[in-house]
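Data block below; observations after.
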Amino acid sequence: VEGSELFWLNGKSQSCSDSNEILTIKWTRVHFLYVNQPKGVVMKNKYFLSLIASVITCLWLSQEIMAAKGIYVPLFTYRTGAYAGSGIPNANGMSDYLNMLNERDGGIGGVPIIVEECETGYNTKKGVECYERIKPKNPVVINPYSTGITLQLIPKSPVDKIPVHSMAYGLSAAADGSVFPWVFNYPSTYWNQASAIIKYIGYQEGGMSNLRGKKIGFIYLESGYGREPIPLFEQLSSELGFKLFKIAVAGKEMQNQSSHWLKVRKEKPDWMIMWGWGAMNPTAIKEATRIKFNMEKFVGVWWSGGEDDARPAGKAAKGYKS
């Protein structure tokens, strides 16, 4: 068998081919081990330890073959569901970029990039299933594109020694590499964004001291992503003296926020901050215009700043910023 090793297990053969699938072998006795040598076939009768050695060799060879083939970069995508409006552009952009590197540069350092998508639907459980499925293929990095999935993978990454790149999302505290050496959230965090928005509002009000007594509303997706900046907002509220009121939007309510914005109209906030995603963004902007909220004082997180987020509200959305 040229270019590979073949071992026989109770009359059934398994080959160390270029397959990316990890081998699961339940037999406890090896009858014959074939090794391709110029002098012919070497046959040995071995028991369980020989089987273990053979499996390890096979897995090692599979990894070596894969490493020689390219750099494996899985893409966690959500092209379907209520978050597809945000997920499709992200998936297309990352796929196009990695494929461009292959076509323009031959990959990275001359080694081609192997791109494979795994659809999560922005569902944490499906995201963890994707991770477990691709883990044996030795990914160079995982980019979950979901704070909920990221939070589940953070304790797994140091054990599996797979870096997690939660690019400007995920757990803000993971920026401390001394505590989270396997998680990277460059170039920024949600706490950075939250503090920047409050600083912007303070600037618009003529100084941070003028925030005292102001009322700031925070409407957010009820998820790990949406809840991430709340501790910082609450701390800044205490330090700077503004009143914070929060409105959570459940995933199933993203496209029906009329009751949420009736609360906003009742509270009469000076400013509104949105931490939205997917279908929540355009719905919130339309509802804000419907209650005639001052769009100049409506600020969204960077994930709420797509053209398709503001376009459905038309000219009435003018002034909204992210």
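Note on naming: chains are A, B, ... as they come in the structure tokens, residues start from 1 per chain, ligands start from 1 in the order shown.
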
Find the residues near region 269-274 of chain A: any atom within 6 Å, counting only C-alpha atoms, skip ones fewer than 3 places away on the same chain, and give them as a ChimeraX atom specification. /A:215-220,297-300

Written file, previous selection with N, CA and C atoms, as a compact mmCIF listing (two decimals), in the first residue's frame:
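After the write, result-v7.txt holds the following:
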```txt
# COMPACT_ATOMS: atom_id res chain seq x y z
N LYS A 215 -31.00 60.82 32.04
CA LYS A 215 -31.54 59.46 31.98
C LYS A 215 -31.11 58.82 30.66
N ILE A 216 -30.45 57.67 30.77
CA ILE A 216 -29.96 56.95 29.59
C ILE A 216 -30.61 55.57 29.55
N GLY A 217 -31.28 55.28 28.44
CA GLY A 217 -31.91 53.98 28.27
C GLY A 217 -30.98 53.02 27.54
N PHE A 218 -31.05 51.77 27.91
CA PHE A 218 -30.23 50.73 27.28
C PHE A 218 -31.14 49.60 26.83
N ILE A 219 -31.32 49.47 25.52
CA ILE A 219 -32.13 48.38 24.96
C ILE A 219 -31.18 47.36 24.36
N TYR A 220 -31.35 46.10 24.75
CA TYR A 220 -30.34 45.11 24.38
C TYR A 220 -30.97 43.75 24.09
N LYS A 297 -29.97 61.36 19.26
CA LYS A 297 -29.56 60.88 20.58
C LYS A 297 -29.79 59.37 20.74
N PHE A 298 -29.70 58.69 19.61
CA PHE A 298 -29.84 57.23 19.58
C PHE A 298 -28.54 56.65 19.04
N VAL A 299 -27.81 55.91 19.90
CA VAL A 299 -26.49 55.39 19.53
C VAL A 299 -26.48 53.87 19.67
N GLY A 300 -25.98 53.19 18.64
CA GLY A 300 -25.89 51.74 18.68
C GLY A 300 -24.46 51.25 18.78
```

Just want the 9 Å neighbourhood of Leu98 (chain A), counted on only C-alpha atoms, with same-chain residues fewer than 3 positions away dropped. Output as a list in words.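 With the cut-off at 9 Å, the set is Val73, Gly93, Met94, Ser95, Leu101, Asn102, Glu103, Gly107, Ile113, Ile114 and Val115 of chain A.
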
Quick one: residues within 12 Å of Thr150 (chain A), only C-alpha atoms, excluding same-chain residues fewer than 4 positions away - as a ChimeraX atom specification? /A:76,122-125,127-128,131,142-146,154-157,163-172,174,182-185,224-225

Take the residues just selected and output them with N, CA and C atoms as a compact mmCIF listing (two decimals), in the first residue's frame.
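Printed below is result-v4.txt as written:
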```txt
# COMPACT_ATOMS: atom_id res chain seq x y z
N PHE A 76 -17.35 29.70 11.71
CA PHE A 76 -18.65 29.50 12.35
C PHE A 76 -19.60 30.55 11.75
N TYR A 122 -26.45 31.05 14.96
CA TYR A 122 -26.26 31.90 16.14
C TYR A 122 -26.83 31.22 17.38
N ASN A 123 -26.77 29.90 17.38
CA ASN A 123 -27.27 29.11 18.49
C ASN A 123 -26.09 28.55 19.27
N THR A 124 -26.04 28.80 20.57
CA THR A 124 -24.89 28.40 21.37
C THR A 124 -24.67 26.90 21.36
N LYS A 125 -25.72 26.13 21.50
CA LYS A 125 -25.59 24.67 21.50
C LYS A 125 -25.02 24.17 20.18
N GLY A 127 -23.23 25.87 18.14
CA GLY A 127 -21.85 26.35 18.04
C GLY A 127 -20.88 25.44 18.76
N VAL A 128 -21.26 24.97 19.95
CA VAL A 128 -20.40 24.03 20.69
C VAL A 128 -20.30 22.71 19.93
N TYR A 131 -17.77 23.15 17.28
CA TYR A 131 -16.42 23.11 17.86
C TYR A 131 -15.96 21.67 18.08
N ILE A 142 -10.13 29.50 16.32
CA ILE A 142 -11.59 29.45 16.27
C ILE A 142 -12.12 30.87 16.40
N ASN A 143 -12.99 31.26 15.49
CA ASN A 143 -13.65 32.56 15.57
C ASN A 143 -15.15 32.29 15.66
N PRO A 144 -15.72 32.25 16.87
CA PRO A 144 -17.10 31.79 17.04
C PRO A 144 -18.18 32.72 16.47
N TYR A 145 -17.90 34.01 16.35
CA TYR A 145 -18.89 34.99 15.90
C TYR A 145 -20.15 34.95 16.75
N SER A 146 -19.97 34.75 18.02
CA SER A 146 -21.09 34.75 18.96
C SER A 146 -20.53 34.82 20.37
N ILE A 154 -14.40 29.31 26.11
CA ILE A 154 -13.28 29.85 26.89
C ILE A 154 -12.66 28.80 27.81
N PRO A 155 -13.43 28.02 28.58
CA PRO A 155 -12.79 27.00 29.43
C PRO A 155 -12.23 25.82 28.65
N LYS A 156 -12.68 25.62 27.42
CA LYS A 156 -12.20 24.50 26.62
C LYS A 156 -10.86 24.81 25.93
N SER A 157 -10.66 26.07 25.56
CA SER A 157 -9.50 26.42 24.74
C SER A 157 -8.15 26.11 25.39
N PRO A 163 -6.54 28.36 20.06
CA PRO A 163 -6.82 29.78 20.31
C PRO A 163 -8.23 30.17 19.88
N VAL A 164 -8.86 31.01 20.68
CA VAL A 164 -10.17 31.56 20.35
C VAL A 164 -10.00 33.06 20.08
N HIS A 165 -10.38 33.48 18.89
CA HIS A 165 -10.30 34.90 18.54
C HIS A 165 -11.71 35.46 18.49
N SER A 166 -12.13 36.11 19.55
CA SER A 166 -13.44 36.76 19.59
C SER A 166 -13.22 38.23 19.27
N MET A 167 -13.20 38.53 18.00
CA MET A 167 -12.78 39.83 17.49
C MET A 167 -13.80 40.93 17.80
N ALA A 168 -13.51 41.71 18.82
CA ALA A 168 -14.38 42.81 19.26
C ALA A 168 -15.72 42.31 19.76
N TYR A 169 -15.73 41.13 20.35
CA TYR A 169 -16.94 40.61 20.99
C TYR A 169 -16.50 39.61 22.05
N GLY A 170 -17.46 38.94 22.68
CA GLY A 170 -17.10 37.94 23.69
C GLY A 170 -16.93 38.54 25.07
N LEU A 171 -16.09 37.89 25.87
CA LEU A 171 -15.85 38.30 27.25
C LEU A 171 -14.82 39.42 27.29
N SER A 172 -15.23 40.59 27.74
CA SER A 172 -14.32 41.74 27.76
C SER A 172 -13.10 41.49 28.63
N ALA A 174 -11.44 38.98 28.94
CA ALA A 174 -10.45 38.12 28.28
C ALA A 174 -9.31 38.91 27.67
N TRP A 182 -5.41 31.96 26.12
CA TRP A 182 -5.82 31.33 24.86
C TRP A 182 -6.97 32.06 24.18
N VAL A 183 -7.38 33.21 24.73
CA VAL A 183 -8.49 33.97 24.16
C VAL A 183 -8.01 35.36 23.77
N PHE A 184 -8.37 35.78 22.57
CA PHE A 184 -7.93 37.08 22.06
C PHE A 184 -9.15 37.84 21.55
N ASN A 185 -9.35 39.07 22.03
CA ASN A 185 -10.48 39.86 21.53
C ASN A 185 -10.02 41.18 20.92
N GLY A 224 -25.98 36.58 26.17
CA GLY A 224 -24.67 36.89 26.74
C GLY A 224 -24.07 38.13 26.11
N TYR A 225 -24.27 38.27 24.82
CA TYR A 225 -23.80 39.45 24.09
C TYR A 225 -24.43 40.73 24.62
```

Need the shell around Asn92 (chain A): protein/DNA/RNA residues with any atom at most 12 Å away, counting only C-alpha atoms. Skip same-chain ones fewer than 5 positions apart. Format as a PDB file with C-alpha atoms, in the first residue's frame?
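Ended up saving to around_22.pdb:
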```pdb
ATOM      1  CA  LEU A  75     -15.766  29.516   9.906  1.00  0.00           C
ATOM      2  CA  PHE A  76     -18.653  29.503  12.354  1.00  0.00           C
ATOM      3  CA  THR A  77     -21.457  31.031  10.303  1.00  0.00           C
ATOM      4  CA  TYR A  78     -25.154  31.773  10.567  1.00  0.00           C
ATOM      5  CA  ARG A  79     -26.622  32.216   7.129  1.00  0.00           C
ATOM      6  CA  ALA A  84     -28.944  35.938   9.026  1.00  0.00           C
ATOM      7  CA  GLY A  85     -29.181  39.621   8.124  1.00  0.00           C
ATOM      8  CA  SER A  86     -26.054  40.215  10.204  1.00  0.00           C
ATOM      9  CA  GLY A  87     -24.518  36.770   9.754  1.00  0.00           C
ATOM     10  CA  TYR A  97     -10.898  37.320   2.497  1.00  0.00           C
ATOM     11  CA  LEU A  98      -9.427  33.884   3.176  1.00  0.00           C
ATOM     12  CA  ASN A  99     -10.024  32.765  -0.411  1.00  0.00           C
ATOM     13  CA  MET A 100      -8.403  35.977  -1.630  1.00  0.00           C
ATOM     14  CA  GLU A 117     -18.030  26.563   7.204  1.00  0.00           C
TER      15      GLU A 117
END
```

Once DSSP has gone over the backbone, tell me which residues of region 89-285 of chain A are in alpha helix (DSSP H), as a PDB file with C-alpha atoms, in the first residue's frame.
```
ATOM      1  CA  PRO A  89     -22.275  39.643   5.375  1.00  0.00           C
ATOM      2  CA  ASN A  90     -19.845  38.426   8.043  1.00  0.00           C
ATOM      3  CA  ALA A  91     -19.680  34.939   6.546  1.00  0.00           C
ATOM      4  CA  ASN A  92     -19.235  36.270   3.013  1.00  0.00           C
ATOM      5  CA  GLY A  93     -16.565  38.730   4.083  1.00  0.00           C
ATOM      6  CA  MET A  94     -14.463  36.189   5.979  1.00  0.00           C
ATOM      7  CA  SER A  95     -14.810  33.562   3.256  1.00  0.00           C
ATOM      8  CA  ASP A  96     -13.878  36.041   0.525  1.00  0.00           C
ATOM      9  CA  TYR A  97     -10.898  37.320   2.497  1.00  0.00           C
ATOM     10  CA  LEU A  98      -9.427  33.884   3.176  1.00  0.00           C
ATOM     11  CA  ASN A  99     -10.024  32.765  -0.411  1.00  0.00           C
ATOM     12  CA  MET A 100      -8.403  35.977  -1.630  1.00  0.00           C
ATOM     13  CA  LEU A 101      -5.298  35.153   0.431  1.00  0.00           C
ATOM     14  CA  ASN A 102      -5.181  31.753  -1.250  1.00  0.00           C
ATOM     15  CA  GLU A 103      -5.538  33.167  -4.765  1.00  0.00           C
ATOM     16  CA  ARG A 104      -3.277  36.180  -4.300  1.00  0.00           C
ATOM     17  CA  ASP A 105      -0.579  34.854  -1.973  1.00  0.00           C
ATOM     18  CA  THR A 124     -24.886  28.401  21.374  1.00  0.00           C
ATOM     19  CA  LYS A 125     -25.590  24.672  21.501  1.00  0.00           C
ATOM     20  CA  LYS A 126     -25.018  24.277  17.752  1.00  0.00           C
ATOM     21  CA  GLY A 127     -21.853  26.349  18.045  1.00  0.00           C
ATOM     22  CA  VAL A 128     -20.404  24.033  20.689  1.00  0.00           C
ATOM     23  CA  GLU A 129     -21.345  21.064  18.493  1.00  0.00           C
ATOM     24  CA  CYS A 130     -19.444  22.688  15.611  1.00  0.00           C
ATOM     25  CA  TYR A 131     -16.422  23.105  17.862  1.00  0.00           C
ATOM     26  CA  GLU A 132     -16.427  19.463  18.947  1.00  0.00           C
ATOM     27  CA  ARG A 133     -16.838  18.373  15.324  1.00  0.00           C
ATOM     28  CA  ILE A 134     -13.910  20.380  13.965  1.00  0.00           C
ATOM     29  CA  THR A 147     -20.560  35.865  22.535  1.00  0.00           C
ATOM     30  CA  GLY A 148     -22.678  32.976  23.803  1.00  0.00           C
ATOM     31  CA  ILE A 149     -20.560  30.401  21.952  1.00  0.00           C
ATOM     32  CA  THR A 150     -17.361  32.173  22.998  1.00  0.00           C
ATOM     33  CA  LEU A 151     -18.298  31.978  26.680  1.00  0.00           C
ATOM     34  CA  GLN A 152     -18.753  28.212  26.322  1.00  0.00           C
ATOM     35  CA  LEU A 153     -15.418  27.754  24.530  1.00  0.00           C
ATOM     36  CA  SER A 157      -9.499  26.425  24.742  1.00  0.00           C
ATOM     37  CA  PRO A 158      -6.620  26.029  27.263  1.00  0.00           C
ATOM     38  CA  VAL A 159      -7.377  22.322  27.602  1.00  0.00           C
ATOM     39  CA  ASP A 160      -7.508  21.708  23.842  1.00  0.00           C
ATOM     40  CA  TYR A 190     -17.549  45.603  24.578  1.00  0.00           C
ATOM     41  CA  TRP A 191     -16.386  47.469  27.656  1.00  0.00           C
ATOM     42  CA  ASN A 192     -14.280  49.693  25.396  1.00  0.00           C
ATOM     43  CA  GLN A 193     -17.339  50.347  23.241  1.00  0.00           C
ATOM     44  CA  ALA A 194     -19.586  51.014  26.236  1.00  0.00           C
ATOM     45  CA  SER A 195     -17.161  53.511  27.742  1.00  0.00           C
ATOM     46  CA  ALA A 196     -16.670  55.187  24.335  1.00  0.00           C
ATOM     47  CA  ILE A 197     -20.428  55.661  23.925  1.00  0.00           C
ATOM     48  CA  ILE A 198     -20.782  57.188  27.398  1.00  0.00           C
ATOM     49  CA  LYS A 199     -17.809  59.442  26.690  1.00  0.00           C
ATOM     50  CA  TYR A 200     -19.419  60.525  23.400  1.00  0.00           C
ATOM     51  CA  ILE A 201     -22.693  61.313  25.171  1.00  0.00           C
ATOM     52  CA  GLY A 202     -20.784  63.291  27.794  1.00  0.00           C
ATOM     53  CA  TYR A 203     -19.023  65.247  25.054  1.00  0.00           C
ATOM     54  CA  GLN A 204     -22.348  66.042  23.384  1.00  0.00           C
ATOM     55  CA  GLY A 224     -24.675  36.889  26.745  1.00  0.00           C
ATOM     56  CA  TYR A 225     -23.798  39.447  24.087  1.00  0.00           C
ATOM     57  CA  GLY A 226     -26.449  41.930  25.158  1.00  0.00           C
ATOM     58  CA  ARG A 227     -25.742  41.574  28.874  1.00  0.00           C
ATOM     59  CA  ILE A 230     -24.334  46.038  31.764  1.00  0.00           C
ATOM     60  CA  PRO A 231     -21.894  45.840  34.732  1.00  0.00           C
ATOM     61  CA  LEU A 232     -19.835  48.676  33.266  1.00  0.00           C
ATOM     62  CA  PHE A 233     -22.888  50.811  32.490  1.00  0.00           C
ATOM     63  CA  GLU A 234     -24.093  50.323  36.068  1.00  0.00           C
ATOM     64  CA  GLN A 235     -20.694  51.287  37.464  1.00  0.00           C
ATOM     65  CA  LEU A 236     -20.494  54.395  35.269  1.00  0.00           C
ATOM     66  CA  SER A 237     -24.052  55.287  36.254  1.00  0.00           C
ATOM     67  CA  SER A 238     -23.010  55.246  39.902  1.00  0.00           C
ATOM     68  CA  GLU A 239     -19.793  57.185  39.296  1.00  0.00           C
ATOM     69  CA  LEU A 240     -21.155  59.803  36.883  1.00  0.00           C
ATOM     70  CA  SER A 258     -43.728  47.947  19.934  1.00  0.00           C
ATOM     71  CA  SER A 259     -44.259  47.302  23.660  1.00  0.00           C
ATOM     72  CA  HIS A 260     -40.569  47.904  24.375  1.00  0.00           C
ATOM     73  CA  TRP A 261     -40.618  51.287  22.708  1.00  0.00           C
ATOM     74  CA  LEU A 262     -43.829  52.267  24.451  1.00  0.00           C
ATOM     75  CA  LYS A 263     -41.773  51.876  27.633  1.00  0.00           C
ATOM     76  CA  VAL A 264     -39.120  54.133  26.127  1.00  0.00           C
ATOM     77  CA  ARG A 265     -41.759  56.767  25.361  1.00  0.00           C
ATOM     78  CA  LYS A 266     -43.035  56.516  28.937  1.00  0.00           C
ATOM     79  CA  GLU A 267     -39.538  56.820  30.468  1.00  0.00           C
ATOM     80  CA  MET A 280     -33.476  43.453  16.209  1.00  0.00           C
ATOM     81  CA  ASN A 281     -31.567  46.397  14.713  1.00  0.00           C
ATOM     82  CA  PRO A 282     -33.853  47.581  11.885  1.00  0.00           C
ATOM     83  CA  THR A 283     -36.922  46.867  14.008  1.00  0.00           C
ATOM     84  CA  ALA A 284     -35.630  49.024  16.873  1.00  0.00           C
ATOM     85  CA  ILE A 285     -34.723  51.903  14.582  1.00  0.00           C
TER      86      ILE A 285
END
```

So, with only C-alpha atoms as the atoms that count, which of A:Met208, A:Gln255, A:Ala173, A:Asn294 lies closest to Glu228 (chain A)?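 Closest residue, counting only C-alpha atoms: A:Ala173.
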
Could you please determine the separation between CA of Met254 (chain A) and CA of Glu287 (chain A) in Å, to one decimal place?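 Straight-line distance from CA of Met254 (chain A) to CA of Glu287 (chain A) works out to 11.3 Å.
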
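Between CA of Gly110 (chain A) and CA of Pro139 (chain A) lies a distance of 17.6 Å.
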
I'd like the neighbourhood of Val249 (chain A) as a ChimeraX atom specification, where a residue qualifies if any of its atoms comes within 7 Å (using only C-alpha atoms), though same-chain residues fewer than 2 positions away should be ignored. /A:220-222,247,251,253-254

For the strand (DSSP E or B) assignment from backbone DSSP, which residues of region 39-212 of chain A qualify? Please present them as a list of chain:residue names.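 Reading the DSSP output for region 39-212 of chain A, strand (DSSP E or B) covers A:Gly40, A:Lys46, A:Ile71, A:Tyr72, A:Val73, A:Pro74, A:Leu75, A:Phe76, A:Thr77, A:Ile108, A:Val111, A:Ile113, A:Ile114, A:Val115, A:Glu116, A:Glu117, A:Cys118, A:Glu119, A:Ile142, A:Val164, A:His165, A:Val183, A:Phe184.
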
Output of the above residues as a short mmCIF file (atom, residue, chain, number, x, y, z; two decimals), in the first residue's frame, restricted to C-alpha atoms:
```cif
data_model
loop_
_atom_site.label_atom_id
_atom_site.label_comp_id
_atom_site.auth_asym_id
_atom_site.auth_seq_id
_atom_site.Cartn_x
_atom_site.Cartn_y
_atom_site.Cartn_z
CA GLY A 40 8.45 -7.18 1.89
CA LYS A 46 0.04 -8.09 18.81
CA ILE A 71 -3.84 25.67 7.38
CA TYR A 72 -7.27 24.67 8.61
CA VAL A 73 -9.48 27.68 9.44
CA PRO A 74 -13.11 26.83 10.24
CA LEU A 75 -15.77 29.52 9.91
CA PHE A 76 -18.65 29.50 12.35
CA THR A 77 -21.46 31.03 10.30
CA ILE A 108 -0.03 32.22 4.34
CA VAL A 111 0.77 27.29 2.73
CA ILE A 113 -5.73 27.95 3.82
CA ILE A 114 -8.40 25.27 4.16
CA VAL A 115 -11.73 27.02 4.72
CA GLU A 116 -14.73 25.11 6.03
CA GLU A 117 -18.03 26.56 7.20
CA CYS A 118 -20.11 25.22 10.08
CA GLU A 119 -23.62 26.66 10.38
CA ILE A 142 -11.59 29.45 16.27
CA VAL A 164 -10.17 31.56 20.35
CA HIS A 165 -10.30 34.90 18.54
CA VAL A 183 -8.49 33.97 24.16
CA PHE A 184 -7.93 37.08 22.06
#
```

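Coordinates place CA of Lys214 (chain A) at a distance of 4.9 Å from CA of Phe242 (chain A).
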